[in-house]
>>> print(open('input_8.cif').read())   # mmCIF, C-alpha atoms
data_query
#
loop_
_atom_site.label_atom_id
_atom_site.label_comp_id
_atom_site.auth_asym_id
_atom_site.auth_seq_id
_atom_site.Cartn_x
_atom_site.Cartn_y
_atom_site.Cartn_z
CA MET F 1 68.05 -40.05 -6.81
CA ALA F 2 70.59 -40.99 -4.14
CA ASN F 3 71.91 -38.04 -2.24
CA GLU F 4 75.66 -38.49 -2.27
CA VAL F 5 77.47 -35.91 -0.18
CA VAL F 6 81.26 -35.76 0.19
CA LEU F 7 83.20 -33.12 2.11
CA LEU F 8 86.87 -32.37 1.40
CA ASP F 9 88.23 -30.63 4.48
CA THR F 10 90.88 -30.46 7.20
CA TRP F 11 90.00 -30.99 10.87
CA VAL F 12 91.52 -27.69 11.97
CA SER F 13 89.97 -25.38 9.36
CA SER F 14 87.54 -22.86 10.82
CA PHE F 15 86.07 -22.58 7.30
CA GLY F 16 85.51 -26.33 7.01
CA MET F 17 83.92 -26.40 10.46
CA ARG F 18 81.19 -24.05 9.21
CA VAL F 19 80.14 -26.63 6.61
CA ARG F 20 80.24 -29.48 9.15
CA ILE F 21 78.00 -27.52 11.52
CA ALA F 22 75.53 -26.81 8.70
CA LEU F 23 75.46 -30.48 7.66
CA ALA F 24 74.91 -31.53 11.30
CA GLU F 25 72.13 -28.96 11.78
CA LYS F 26 70.31 -30.47 8.81
CA GLY F 27 71.05 -34.07 9.78
CA ILE F 28 72.75 -34.78 6.45
CA LYS F 29 74.84 -37.93 6.12
CA TYR F 30 78.12 -37.39 4.31
CA GLU F 31 81.53 -38.87 3.64
CA TYR F 32 84.37 -36.87 5.19
CA LYS F 33 87.75 -36.81 3.45
CA GLU F 34 90.69 -35.26 5.32
CA GLU F 35 93.03 -33.42 2.93
CA ASP F 36 96.77 -33.01 3.38
CA LEU F 37 97.26 -29.45 2.18
CA ARG F 38 100.97 -29.98 1.55
CA ASN F 39 99.99 -32.81 -0.82
CA LYS F 40 96.61 -31.93 -2.30
CA SER F 41 94.58 -34.79 -3.72
CA ASP F 42 93.72 -35.02 -7.43
CA LEU F 43 90.09 -34.87 -6.37
CA LEU F 44 90.56 -31.51 -4.62
CA LEU F 45 92.47 -30.03 -7.56
CA LYS F 46 89.76 -31.26 -9.94
CA MET F 47 86.86 -30.06 -7.79
CA ASN F 48 88.34 -26.66 -6.91
CA PRO F 49 90.69 -25.69 -9.74
CA VAL F 50 90.20 -21.97 -9.11
CA HIS F 51 91.30 -21.76 -5.47
CA LYS F 52 92.61 -25.30 -4.75
CA LYS F 53 91.31 -24.89 -1.18
CA ILE F 54 89.12 -26.69 1.28
CA PRO F 55 86.32 -26.97 2.16
CA VAL F 56 84.69 -28.39 -0.96
CA LEU F 57 81.27 -30.00 -0.81
CA ILE F 58 80.61 -32.53 -3.56
CA HIS F 59 76.89 -33.17 -4.00
CA ASN F 60 76.03 -35.95 -6.44
CA GLY F 61 79.41 -35.40 -8.10
CA LYS F 62 79.06 -31.61 -8.44
CA PRO F 63 81.41 -29.38 -6.43
CA VAL F 64 80.47 -26.37 -4.32
CA CYS F 65 83.32 -24.18 -3.03
CA GLU F 66 83.77 -21.32 -0.52
CA SER F 67 82.45 -22.13 2.94
CA LEU F 68 79.74 -19.45 3.21
CA ILE F 69 78.50 -20.24 -0.29
CA ILE F 70 78.41 -23.93 0.67
CA VAL F 71 76.36 -23.17 3.82
CA GLN F 72 73.83 -21.19 1.73
CA TYR F 73 73.66 -24.06 -0.77
CA ILE F 74 72.99 -26.56 2.02
CA ASP F 75 70.26 -24.29 3.38
CA GLU F 76 68.59 -23.98 -0.04
CA VAL F 77 68.72 -27.66 -0.99
CA TRP F 78 67.79 -29.15 2.39
CA ASN F 79 65.12 -26.56 3.03
CA ASP F 80 62.58 -28.64 4.93
CA SER F 81 64.09 -28.14 8.40
CA SER F 82 66.41 -26.03 10.55
CA PRO F 83 66.62 -22.90 8.36
CA LEU F 84 70.05 -21.30 8.61
CA LEU F 85 69.23 -18.01 6.89
CA PRO F 86 66.26 -15.84 7.90
CA ALA F 87 63.17 -15.80 5.68
CA ASP F 88 62.91 -12.00 5.46
CA PRO F 89 65.00 -10.43 2.62
CA TYR F 90 66.22 -7.55 4.80
CA GLN F 91 67.35 -9.92 7.57
CA ARG F 92 69.02 -12.10 4.94
CA ALA F 93 70.90 -9.08 3.59
CA GLN F 94 72.07 -8.25 7.12
CA ALA F 95 73.19 -11.88 7.63
CA ARG F 96 75.15 -11.80 4.37
CA PHE F 97 76.70 -8.43 5.34
CA TRP F 98 77.94 -9.73 8.70
CA ALA F 99 79.18 -13.02 7.25
CA ASP F 100 81.13 -10.99 4.69
CA PHE F 101 82.52 -8.81 7.52
CA ILE F 102 83.67 -11.89 9.38
CA ASP F 103 85.50 -13.17 6.31
CA ALA F 104 86.91 -9.84 5.17
CA LYS F 105 88.01 -8.50 8.56
CA VAL F 106 88.00 -11.15 11.26
CA GLN F 107 89.65 -14.03 9.41
CA SER F 108 92.50 -11.83 8.13
CA VAL F 109 93.30 -10.13 11.43
CA THR F 110 93.16 -13.29 13.57
CA ARG F 111 95.88 -14.92 11.49
CA ARG F 112 98.18 -11.94 12.01
CA VAL F 113 97.78 -12.15 15.79
CA TRP F 114 99.61 -15.50 15.91
CA THR F 115 101.96 -15.15 12.93
CA THR F 116 103.57 -11.81 13.73
CA LYS F 117 105.75 -10.32 16.46
CA GLY F 118 106.63 -6.94 17.94
CA GLU F 119 105.07 -3.86 16.37
CA GLU F 120 103.27 -5.81 13.68
CA GLN F 121 101.62 -7.99 16.31
CA GLU F 122 100.62 -4.98 18.42
CA ALA F 123 98.93 -3.47 15.36
CA ALA F 124 97.19 -6.79 14.66
CA LYS F 125 95.98 -7.01 18.27
CA LYS F 126 94.59 -3.49 18.11
CA GLU F 127 92.68 -4.33 14.94
CA TYR F 128 91.51 -7.65 16.45
CA PHE F 129 90.11 -5.80 19.48
CA GLU F 130 88.37 -3.19 17.30
CA THR F 131 86.85 -5.93 15.17
CA PHE F 132 85.51 -7.94 18.10
CA LYS F 133 84.17 -4.76 19.68
CA ILE F 134 82.14 -4.19 16.53
CA LEU F 135 80.90 -7.79 16.70
CA GLU F 136 79.93 -7.41 20.37
CA GLY F 137 78.05 -4.26 19.42
CA GLU F 138 76.16 -6.10 16.71
CA LEU F 139 75.34 -9.03 19.02
CA GLY F 140 74.02 -6.70 21.71
CA ASP F 141 71.69 -8.50 24.07
CA LYS F 142 70.44 -10.97 21.49
CA PRO F 143 70.93 -14.68 22.23
CA TYR F 144 72.34 -15.20 18.73
CA PHE F 145 73.53 -12.86 15.97
CA GLY F 146 70.40 -13.71 14.00
CA GLY F 147 68.13 -13.07 16.98
CA GLU F 148 66.25 -15.86 18.73
CA THR F 149 67.64 -18.70 16.66
CA PHE F 150 71.12 -19.96 15.77
CA GLY F 151 71.92 -19.17 12.14
CA PHE F 152 74.24 -18.13 9.34
CA VAL F 153 76.26 -15.44 11.14
CA ASP F 154 76.62 -17.58 14.27
CA ILE F 155 77.95 -20.43 12.11
CA ALA F 156 80.35 -18.05 10.33
CA LEU F 157 81.89 -16.85 13.61
CA VAL F 158 81.62 -19.61 16.22
CA THR F 159 84.14 -21.85 14.47
CA LEU F 160 86.88 -19.42 15.51
CA TYR F 161 86.22 -20.42 19.13
CA SER F 162 88.45 -23.47 18.65
CA TRP F 163 91.23 -21.01 17.79
CA PHE F 164 90.68 -18.58 20.69
CA TYR F 165 93.29 -20.29 22.86
CA VAL F 166 95.83 -19.76 20.06
CA TYR F 167 95.03 -16.02 19.84
CA GLU F 168 95.01 -15.65 23.63
CA SER F 169 98.31 -17.47 24.11
CA PHE F 170 100.32 -15.78 21.38
CA GLY F 171 98.53 -12.43 21.68
CA ASN F 172 98.71 -12.45 25.45
CA PHE F 173 95.15 -11.51 26.34
CA SER F 174 91.95 -13.14 27.59
CA MET F 175 88.78 -13.32 25.48
CA GLU F 176 86.68 -13.70 28.65
CA ALA F 177 88.16 -10.52 30.13
CA GLU F 178 87.99 -8.46 26.93
CA PHE F 179 84.78 -9.77 25.33
CA PRO F 180 82.48 -11.29 27.96
CA LYS F 181 79.37 -10.97 25.76
CA ILE F 182 81.06 -12.89 22.95
CA MET F 183 82.07 -15.63 25.41
CA THR F 184 78.50 -15.90 26.73
CA TRP F 185 77.31 -16.28 23.14
CA VAL F 186 80.02 -18.90 22.49
CA LYS F 187 78.92 -20.95 25.50
CA ARG F 188 75.32 -20.74 24.31
CA CYS F 189 76.34 -22.01 20.84
CA MET F 190 78.40 -24.82 22.39
CA GLN F 191 75.20 -26.15 23.97
CA LYS F 192 74.14 -27.15 20.48
CA GLU F 193 75.22 -30.66 19.51
CA SER F 194 76.10 -29.59 15.96
CA VAL F 195 78.63 -27.08 17.30
CA ALA F 196 79.98 -29.07 20.27
CA LYS F 197 80.59 -32.17 18.14
CA THR F 198 82.21 -30.24 15.29
CA LEU F 199 84.63 -27.89 17.03
CA PRO F 200 87.95 -29.55 17.88
CA ASP F 201 89.52 -29.13 21.30
CA GLN F 202 91.31 -25.78 21.68
CA LYS F 203 94.44 -27.45 23.06
CA LYS F 204 94.64 -29.73 20.02
CA VAL F 205 94.50 -26.70 17.70
CA TYR F 206 97.12 -24.97 19.85
CA GLY F 207 99.42 -28.02 19.55
CA LEU F 208 99.17 -27.89 15.77
CA VAL F 209 99.92 -24.16 15.74
CA VAL F 210 103.00 -24.63 17.96
CA ASP F 211 104.37 -27.05 15.33
CA LEU F 212 103.32 -24.72 12.51
CA ARG F 213 105.08 -21.73 14.09
CA LYS F 214 108.30 -23.76 14.30
CA LYS F 215 107.98 -24.64 10.61
CA LEU F 216 107.28 -20.97 9.76
CA GLY F 217 110.43 -20.01 11.67
CA LEU F 218 108.50 -17.98 14.25
CA ASP F 219 109.82 -19.93 17.23
CA MET L 220 56.94 -0.52 -3.04
CA GLY L 221 58.45 1.95 -0.60
CA GLU L 222 61.05 4.64 -0.92
CA VAL L 223 64.40 3.54 -2.35
CA LYS L 224 67.61 5.55 -2.07
CA LEU L 225 71.06 4.70 -3.34
CA ILE L 226 74.12 6.34 -1.76
CA ALA L 227 76.85 6.03 -4.36
CA THR L 228 79.69 7.60 -6.29
CA THR L 229 79.77 7.88 -10.10
CA GLN L 230 83.19 6.24 -10.56
CA SER L 231 82.53 3.18 -8.41
CA LEU L 232 81.95 -0.06 -10.29
CA PHE L 233 80.44 -1.52 -7.11
CA CYS L 234 77.77 1.20 -7.19
CA THR L 235 76.97 0.95 -10.90
CA ARG L 236 76.22 -2.76 -10.61
CA VAL L 237 73.51 -1.87 -8.06
CA GLU L 238 72.06 0.76 -10.41
CA TRP L 239 71.94 -1.81 -13.18
CA ALA L 240 69.96 -4.18 -10.96
CA LEU L 241 67.49 -1.46 -9.93
CA LYS L 242 66.95 -0.33 -13.54
CA LEU L 243 66.58 -3.93 -14.75
CA LYS L 244 63.77 -4.39 -12.24
CA GLY L 245 62.14 -1.05 -13.05
CA VAL L 246 62.67 0.23 -9.51
CA GLU L 247 62.44 4.01 -9.02
CA TYR L 248 65.14 5.32 -6.72
CA GLU L 249 66.75 8.50 -5.49
CA TYR L 250 70.45 8.69 -6.32
CA ILE L 251 72.56 10.41 -3.64
CA GLU L 252 76.10 11.25 -4.74
CA GLU L 253 78.63 10.84 -1.95
CA ASP L 254 81.95 12.69 -1.63
CA LEU L 255 84.28 10.05 -0.19
CA ARG L 256 86.88 12.61 0.86
CA ASN L 257 84.22 14.30 2.97
CA LYS L 258 81.81 11.59 4.07
CA SER L 259 78.27 12.67 4.85
CA PRO L 260 76.55 12.08 8.21
CA LEU L 261 74.05 10.00 6.20
CA LEU L 262 76.72 7.56 5.01
CA LEU L 263 78.30 7.32 8.46
CA GLU L 264 74.90 6.58 9.97
CA TYR L 265 73.90 4.01 7.34
CA ASN L 266 77.24 2.21 7.01
CA PRO L 267 79.09 2.78 10.29
CA VAL L 268 81.10 -0.44 9.94
CA HIS L 269 82.78 0.21 6.58
CA LYS L 270 81.80 3.83 5.77
CA LYS L 271 81.74 2.86 2.08
CA VAL L 272 79.44 3.03 -0.91
CA PRO L 273 77.18 1.62 -2.23
CA VAL L 274 74.46 1.68 0.42
CA LEU L 275 70.88 0.90 -0.56
CA VAL L 276 68.21 2.35 1.72
CA HIS L 277 64.75 0.80 1.50
CA HIS L 278 61.92 1.85 3.84
CA GLY L 279 64.59 3.79 5.75
CA LYS L 280 66.65 0.62 6.38
CA PRO L 281 70.21 0.41 5.01
CA ILE L 282 71.90 -2.48 3.22
CA ALA L 283 75.64 -2.40 2.45
CA GLU L 284 78.04 -4.50 0.34
CA SER L 285 77.19 -4.71 -3.37
CA LEU L 286 76.63 -8.47 -3.70
CA PRO L 287 74.28 -8.74 -0.68
CA ILE L 288 72.51 -5.65 -2.08
CA LEU L 289 72.02 -7.40 -5.45
CA GLU L 290 70.55 -10.46 -3.71
CA TYR L 291 68.23 -8.24 -1.67
CA ILE L 292 67.04 -6.47 -4.84
CA ASP L 293 66.45 -9.84 -6.51
CA GLU L 294 64.46 -11.16 -3.54
CA THR L 295 62.37 -8.00 -3.14
CA TRP L 296 61.48 -7.16 -6.77
CA LYS L 297 60.55 -10.20 -8.80
CA GLU L 298 60.69 -8.88 -12.41
CA ASN L 299 63.66 -9.99 -14.52
CA PRO L 300 65.15 -12.40 -11.96
CA LEU L 301 68.92 -12.15 -11.54
CA LEU L 302 69.48 -15.57 -9.99
CA ALA L 303 68.13 -18.90 -11.27
CA GLU L 304 65.59 -20.96 -9.31
CA ASP L 305 67.84 -24.02 -9.17
CA PRO L 306 70.09 -24.00 -6.05
CA TYR L 307 73.14 -25.34 -7.90
CA GLN L 308 72.91 -22.65 -10.61
CA ARG L 309 72.45 -19.98 -7.94
CA THR L 310 75.48 -21.28 -6.10
CA LYS L 311 77.63 -21.24 -9.25
CA ALA L 312 76.58 -17.64 -9.90
CA ARG L 313 77.43 -16.66 -6.31
CA PHE L 314 80.84 -18.39 -6.47
CA TRP L 315 81.81 -16.72 -9.77
CA ALA L 316 80.39 -13.36 -8.70
CA GLN L 317 82.59 -13.43 -5.59
CA PHE L 318 85.58 -14.41 -7.73
CA VAL L 319 85.14 -11.93 -10.58
CA GLY L 320 83.31 -9.25 -8.64
CA ASP L 321 85.85 -8.98 -5.84
CA LYS L 322 89.10 -10.90 -6.23
CA CYS L 323 89.58 -10.11 -9.93
CA VAL L 324 88.85 -6.40 -9.45
CA PHE L 325 91.63 -6.02 -6.89
CA GLY L 326 93.95 -8.26 -8.91
CA ALA L 327 93.53 -6.05 -11.96
CA PHE L 328 93.94 -2.85 -9.95
CA GLU L 329 97.06 -4.23 -8.28
CA ALA L 330 98.55 -5.04 -11.69
CA ALA L 331 97.69 -1.53 -12.89
CA CYS L 332 99.37 0.12 -9.90
CA LEU L 333 102.68 -1.69 -10.32
CA ALA L 334 105.37 0.09 -12.30
CA GLU L 335 106.93 -1.67 -15.30
CA GLY L 336 108.94 -4.71 -14.32
CA GLU L 337 108.87 -8.35 -13.28
CA GLU L 338 106.35 -7.86 -10.48
CA LYS L 339 103.93 -6.19 -12.87
CA MET L 340 104.33 -9.02 -15.38
CA LYS L 341 103.58 -11.58 -12.67
CA ALA L 342 100.48 -9.64 -11.58
CA ILE L 343 99.26 -9.43 -15.19
CA GLU L 344 99.82 -13.18 -15.60
CA SER L 345 97.86 -13.87 -12.43
CA ALA L 346 95.01 -11.60 -13.54
CA GLN L 347 94.92 -13.35 -16.92
CA GLU L 348 94.73 -16.75 -15.22
CA SER L 349 91.55 -15.48 -13.56
CA LEU L 350 90.17 -14.29 -16.90
CA ALA L 351 90.90 -17.74 -18.36
CA PHE L 352 88.53 -19.27 -15.81
CA LEU L 353 85.85 -16.77 -16.81
CA GLU L 354 86.39 -17.51 -20.50
CA LYS L 355 85.45 -21.15 -19.80
CA GLN L 356 82.28 -20.04 -18.01
CA ILE L 357 81.03 -17.85 -20.88
CA GLU L 358 82.02 -20.15 -23.77
CA GLY L 359 78.97 -21.04 -25.85
CA LYS L 360 76.71 -18.59 -24.04
CA LYS L 361 75.51 -15.12 -24.96
CA TYR L 362 75.49 -13.94 -21.35
CA PHE L 363 76.58 -15.58 -18.09
CA GLY L 364 72.87 -15.69 -17.26
CA GLY L 365 72.03 -17.43 -20.56
CA GLU L 366 69.79 -15.61 -23.04
CA GLU L 367 69.24 -12.75 -20.61
CA ILE L 368 71.70 -10.99 -18.31
CA GLY L 369 71.77 -12.08 -14.70
CA PHE L 370 73.62 -11.86 -11.39
CA LEU L 371 77.01 -12.85 -12.73
CA ASP L 372 76.76 -10.50 -15.74
CA LEU L 373 76.23 -7.60 -13.34
CA ALA L 374 79.10 -8.74 -11.07
CA ALA L 375 81.42 -9.10 -14.10
CA GLY L 376 80.04 -5.94 -15.72
CA TRP L 377 83.06 -3.88 -14.65
CA ILE L 378 85.16 -5.65 -17.26
CA PRO L 379 83.94 -3.96 -20.49
CA HIS L 380 84.35 -0.42 -19.12
CA TRP L 381 86.36 -0.14 -15.87
CA LEU L 382 88.94 -2.76 -16.82
CA ASN L 383 89.36 -1.12 -20.18
CA VAL L 384 90.16 2.21 -18.50
CA MET L 385 92.39 0.53 -15.86
CA GLU L 386 94.37 -1.01 -18.72
CA GLU L 387 94.99 2.39 -20.29
CA ALA L 388 95.84 4.12 -17.00
CA GLY L 389 97.98 1.20 -15.83
CA GLY L 390 99.82 0.57 -19.09
CA MET L 391 98.77 -3.05 -19.49
CA LYS L 392 96.58 -5.36 -21.56
CA LEU L 393 94.55 -7.97 -19.69
CA LEU L 394 91.45 -8.69 -21.80
CA ASP L 395 93.29 -9.93 -24.87
CA ALA L 396 90.69 -10.63 -27.62
CA GLU L 397 92.79 -13.44 -29.04
CA LYS L 398 93.34 -15.19 -25.72
CA PHE L 399 89.77 -14.66 -24.49
CA PRO L 400 87.52 -14.47 -27.57
CA SER L 401 84.28 -15.46 -25.81
CA LEU L 402 84.82 -13.12 -22.89
CA HIS L 403 85.74 -10.32 -25.27
CA GLU L 404 82.55 -10.91 -27.28
CA TRP L 405 80.45 -11.00 -24.11
CA ALA L 406 82.00 -7.67 -23.04
CA GLN L 407 81.07 -6.06 -26.39
CA ASN L 408 77.48 -7.38 -26.16
CA PHE L 409 77.04 -6.41 -22.52
CA ILE L 410 78.15 -2.81 -22.85
CA GLN L 411 75.82 -2.25 -25.85
CA ILE L 412 72.70 -2.94 -23.78
CA PRO L 413 71.03 0.50 -23.40
CA LEU L 414 70.25 0.34 -19.68
CA ILE L 415 73.81 -0.85 -19.01
CA ARG L 416 75.35 1.84 -21.15
CA GLU L 417 73.30 4.67 -19.63
CA CYS L 418 74.66 4.05 -16.11
CA ILE L 419 78.38 3.92 -16.80
CA PRO L 420 80.51 6.96 -15.88
CA PRO L 421 82.01 9.02 -18.75
CA ARG L 422 85.30 7.50 -19.90
CA ASP L 423 87.37 10.68 -19.59
CA LYS L 424 86.36 11.25 -15.96
CA LEU L 425 87.02 7.58 -15.13
CA LEU L 426 90.45 7.76 -16.77
CA GLU L 427 91.24 10.87 -14.72
CA TYR L 428 90.18 9.00 -11.58
CA PHE L 429 92.31 5.92 -12.32
CA ASN L 430 95.30 8.00 -13.40
CA ALA L 431 95.17 9.80 -10.05
CA SER L 432 94.67 6.61 -7.98
CA ILE L 433 97.46 4.78 -9.77
CA SER L 434 99.90 7.72 -9.44
CA TYR L 435 99.13 7.88 -5.75
CA MET L 436 99.65 4.12 -5.24
CA ARG L 437 102.91 4.22 -7.20
CA SER L 438 104.15 7.15 -5.13
CA LEU L 439 103.45 5.18 -1.93
CA ALA L 440 105.44 2.25 -3.29
CA THR L 441 108.54 4.33 -3.94
CA SER L 442 108.41 6.43 -0.73
#
>>> encode(input="input_8.cif", output="structure tokens")
Amino acid sequence: MANEVVLLDTWVSSFGMRVRIALAEKGIKYEYKEEDLRNKSDLLLKMNPVHKKIPVLIHNGKPVCESLIIVQYIDEVWNDSSPLLPADPYQRAQARFWADFIDAKVQSVTRRVWTTKGEEQEAAKKEYFETFKILEGELGDKPYFGGETFGFVDIALVTLYSWFYVYESFGNFSMEAEFPKIMTWVKRCMQKESVAKTLPDQKKVYGLVVDLRKKLGLD
Amino acid sequence: MGEVKLIATTQSLFCTRVEWALKLKGVEYEYIEEDLRNKSPLLLEYNPVHKKVPVLVHHGKPIAESLPILEYIDETWKENPLLAEDPYQRTKARFWAQFVGDKCVFGAFEAACLAEGEEKMKAIESAQESLAFLEKQIEGKKYFGGEEIGFLDLAAGWIPHWLNVMEEAGGMKLLDAEKFPSLHEWAQNFIQIPLIRECIPPRDKLLEYFNASISYMRSLATS
């Protein structure tokens, strides 16, 4: 049976990037379709009627939604090389816990850092710092969150690197100064082709956000 | 298979779904009731990040977050599998479990906490849109898992009991039997299963709990 893989995504989405990294890690060929979120395609609305969001992976015509669920699916179907989740059930549970933390805490607070001002932004920054401190604590001295090898939690978090310049600029702080261990880990991840080729340039993301802020009436 | 402990609270639907999984697999465990207004050193040690229940402790090692806990239980104890073998079926179960087990719970609670008015009506409509998706998933099936209950049944298992109580405490009707006949039937079947029934908290205590939570949330909204 032909393996037909299509990805509905947007170039700037840190969620979509997770799927692209996973596909690259496994060497999977796929067709990429850039969505215009202000004008969602019929295909997207049909494939993700519940959330109407990207990314959506379509494998042999069947949709898979939610980036972390997609990454697990990719790992389970293309299971002959480059495992993304650990083999041990306890380690897998820890990986799922931290991926959930990244989605529940990190993704929500990072958005507030560049979309708010004044007191609200100060509160967001404080929460952002607390959250990354927790992540640095979890990383410790390990090369990757999963230990010796790049995996699920690394994929869940590293895609935010392309947005760091946005947070630093509008939040007025430096990731290197505040979270040196995280930055060392980022640089290590960026040595991997799957990550380096997937993550867009930080300045390009920043340019998009500048436009977006104008549209949102923030500037 | 090693010592198993569950740190939980009786009222929490997130905790009961873990108990269901353990009982389904015939796993013996020690239940440790937590007082969330006065968190124990044990909880703070085992879940320092969120300080929440449930926490499963196996061989002295903690696991937090109910859905990862369910997957861990399924991978560790092989009787009565919760997830299918096929990756696409597993993925569907995970997607719907995240939707109904998390998003829908907070949607329903939000609707319950709103006082009468347009906002409440909108929240109820939104919650019912979610239930409509679930109705499609259960149509033609006895359980979400097929002939036997599985991962998604446990994740959705809050609906027959907790939602019912939330509806009373919040003055709303979400699970309309006419609008959602298949889901309604599933709920009736699910809650009759003995091992499911024996884990749910007593209705009067749960109603007290939701009445108090909802009053508190409403008071915050008006202050």
>>> resolve_selection(input="input_8.cif", expression="the PyMOL selection byres ((chain F) within 7 of (chain L))", output="number ranges by chain")
F: 69, 73, 76-77, 89-90, 93-94, 96-97
>>> resolve_selection(input="input_8.cif", expression="the PyMOL selection byres ((chain L and resi 363) around 10)", output="number ranges by chain")
L: 312, 315, 353, 356-362, 364-373, 375, 402, 405
>>> closest_residue(input="input_8.cif", among="F:Glu136, F:Gln121, F:Tyr32, F:Ile155", to="Leu68 in chain F", atoms="only C-alpha atoms")
F:Ile155
>>> atom_distance(input="input_8.cif", atom1="CA of Val5 in chain F", atom2="CA of Leu44 in chain F")
14.5 Å
>>> atom_distance(input="input_8.cif", atom1="CA of Ala240 in chain L", atom2="CA of Ala95 in chain F")
20.4 Å
>>> residues_around(input="input_8.cif", residues="Leu157 in chain F", least_positions_apart="6", cutoff="12 Å", atoms="all atoms listed in the file", output="MDAnalysis selection string")
chainID F and resid 14:15 17:18 21 67:68 95 98:103 105:107 110 132 135:136 139 144:146 150:151 163:164 182:183 185:186 189 195 199
>>> closest_residue(input="input_8.cif", among="L:Asn383, L:Gly376, L:His278, L:Glu397", to="Gln411 in chain L", atoms="all atoms listed in the file")
L:Gly376
>>> atom_distance(input="input_8.cif", atom1="CA of Phe399 in chain L", atom2="CA of Lys355 in chain L")
9.1 Å
>>> residues_near_point(input="input_8.cif", point="(86.8, -39.0, 1.2)", cutoff="7 Å", atoms="only C-alpha atoms", output="ChimeraX atom specification")
/F:6-8,31-34
>>> write_last_selection(input="input_8.cif", atoms="C-alpha atoms", output="CSV table (one decimal), keeping the file's coordinate frame")
chain,number,residue,atom,x,y,z
F,6,VAL,CA,81.3,-35.8,0.2
F,7,LEU,CA,83.2,-33.1,2.1
F,8,LEU,CA,86.9,-32.4,1.4
F,31,GLU,CA,81.5,-38.9,3.6
F,32,TYR,CA,84.4,-36.9,5.2
F,33,LYS,CA,87.8,-36.8,3.4
F,34,GLU,CA,90.7,-35.3,5.3
>>> closest_residue(input="input_8.cif", among="F:Thr115, F:Ser169, F:Asn3, F:Asn39", to="Gly217 in chain F", atoms="all atoms listed in the file")
F:Thr115
>>> decode(input="input_8.cif", residues="range 390-394 of chain L", atoms="all heavy atoms", output="short mmCIF file (atom, residue, chain, number, x, y, z; two decimals), in the first residue's frame")
data_model
loop_
_atom_site.label_atom_id
_atom_site.label_comp_id
_atom_site.auth_asym_id
_atom_site.auth_seq_id
_atom_site.Cartn_x
_atom_site.Cartn_y
_atom_site.Cartn_z
N GLY L 390 -27.52 24.60 37.41
CA GLY L 390 -28.80 25.00 36.82
C GLY L 390 -28.77 24.96 35.30
O GLY L 390 -29.07 25.95 34.63
N MET L 391 -28.39 23.81 34.74
CA MET L 391 -28.34 23.71 33.28
C MET L 391 -28.54 22.26 32.85
O MET L 391 -28.38 21.34 33.66
CB MET L 391 -26.97 24.19 32.79
CG MET L 391 -25.83 23.34 33.33
SD MET L 391 -24.23 23.92 32.84
CE MET L 391 -23.22 22.55 33.37
N LYS L 392 -28.89 22.09 31.56
CA LYS L 392 -29.02 20.74 31.02
C LYS L 392 -28.11 20.64 29.81
O LYS L 392 -28.28 21.37 28.83
CB LYS L 392 -30.48 20.46 30.61
CG LYS L 392 -30.74 19.03 30.22
CD LYS L 392 -30.88 18.11 31.42
CE LYS L 392 -30.83 16.65 31.04
NZ LYS L 392 -30.19 15.80 32.04
N LEU L 393 -27.12 19.77 29.88
CA LEU L 393 -26.21 19.61 28.74
C LEU L 393 -26.49 18.30 28.00
O LEU L 393 -26.64 18.28 26.78
CB LEU L 393 -24.74 19.64 29.19
CG LEU L 393 -24.19 20.97 29.72
CD1 LEU L 393 -22.69 20.87 29.96
CD2 LEU L 393 -24.45 22.11 28.76
N LEU L 394 -26.51 17.18 28.76
CA LEU L 394 -26.69 15.87 28.13
C LEU L 394 -28.17 15.60 27.92
O LEU L 394 -28.80 14.84 28.65
CB LEU L 394 -26.01 14.77 28.96
CG LEU L 394 -26.03 13.37 28.35
CD1 LEU L 394 -25.42 13.38 26.96
CD2 LEU L 394 -25.30 12.37 29.24
#
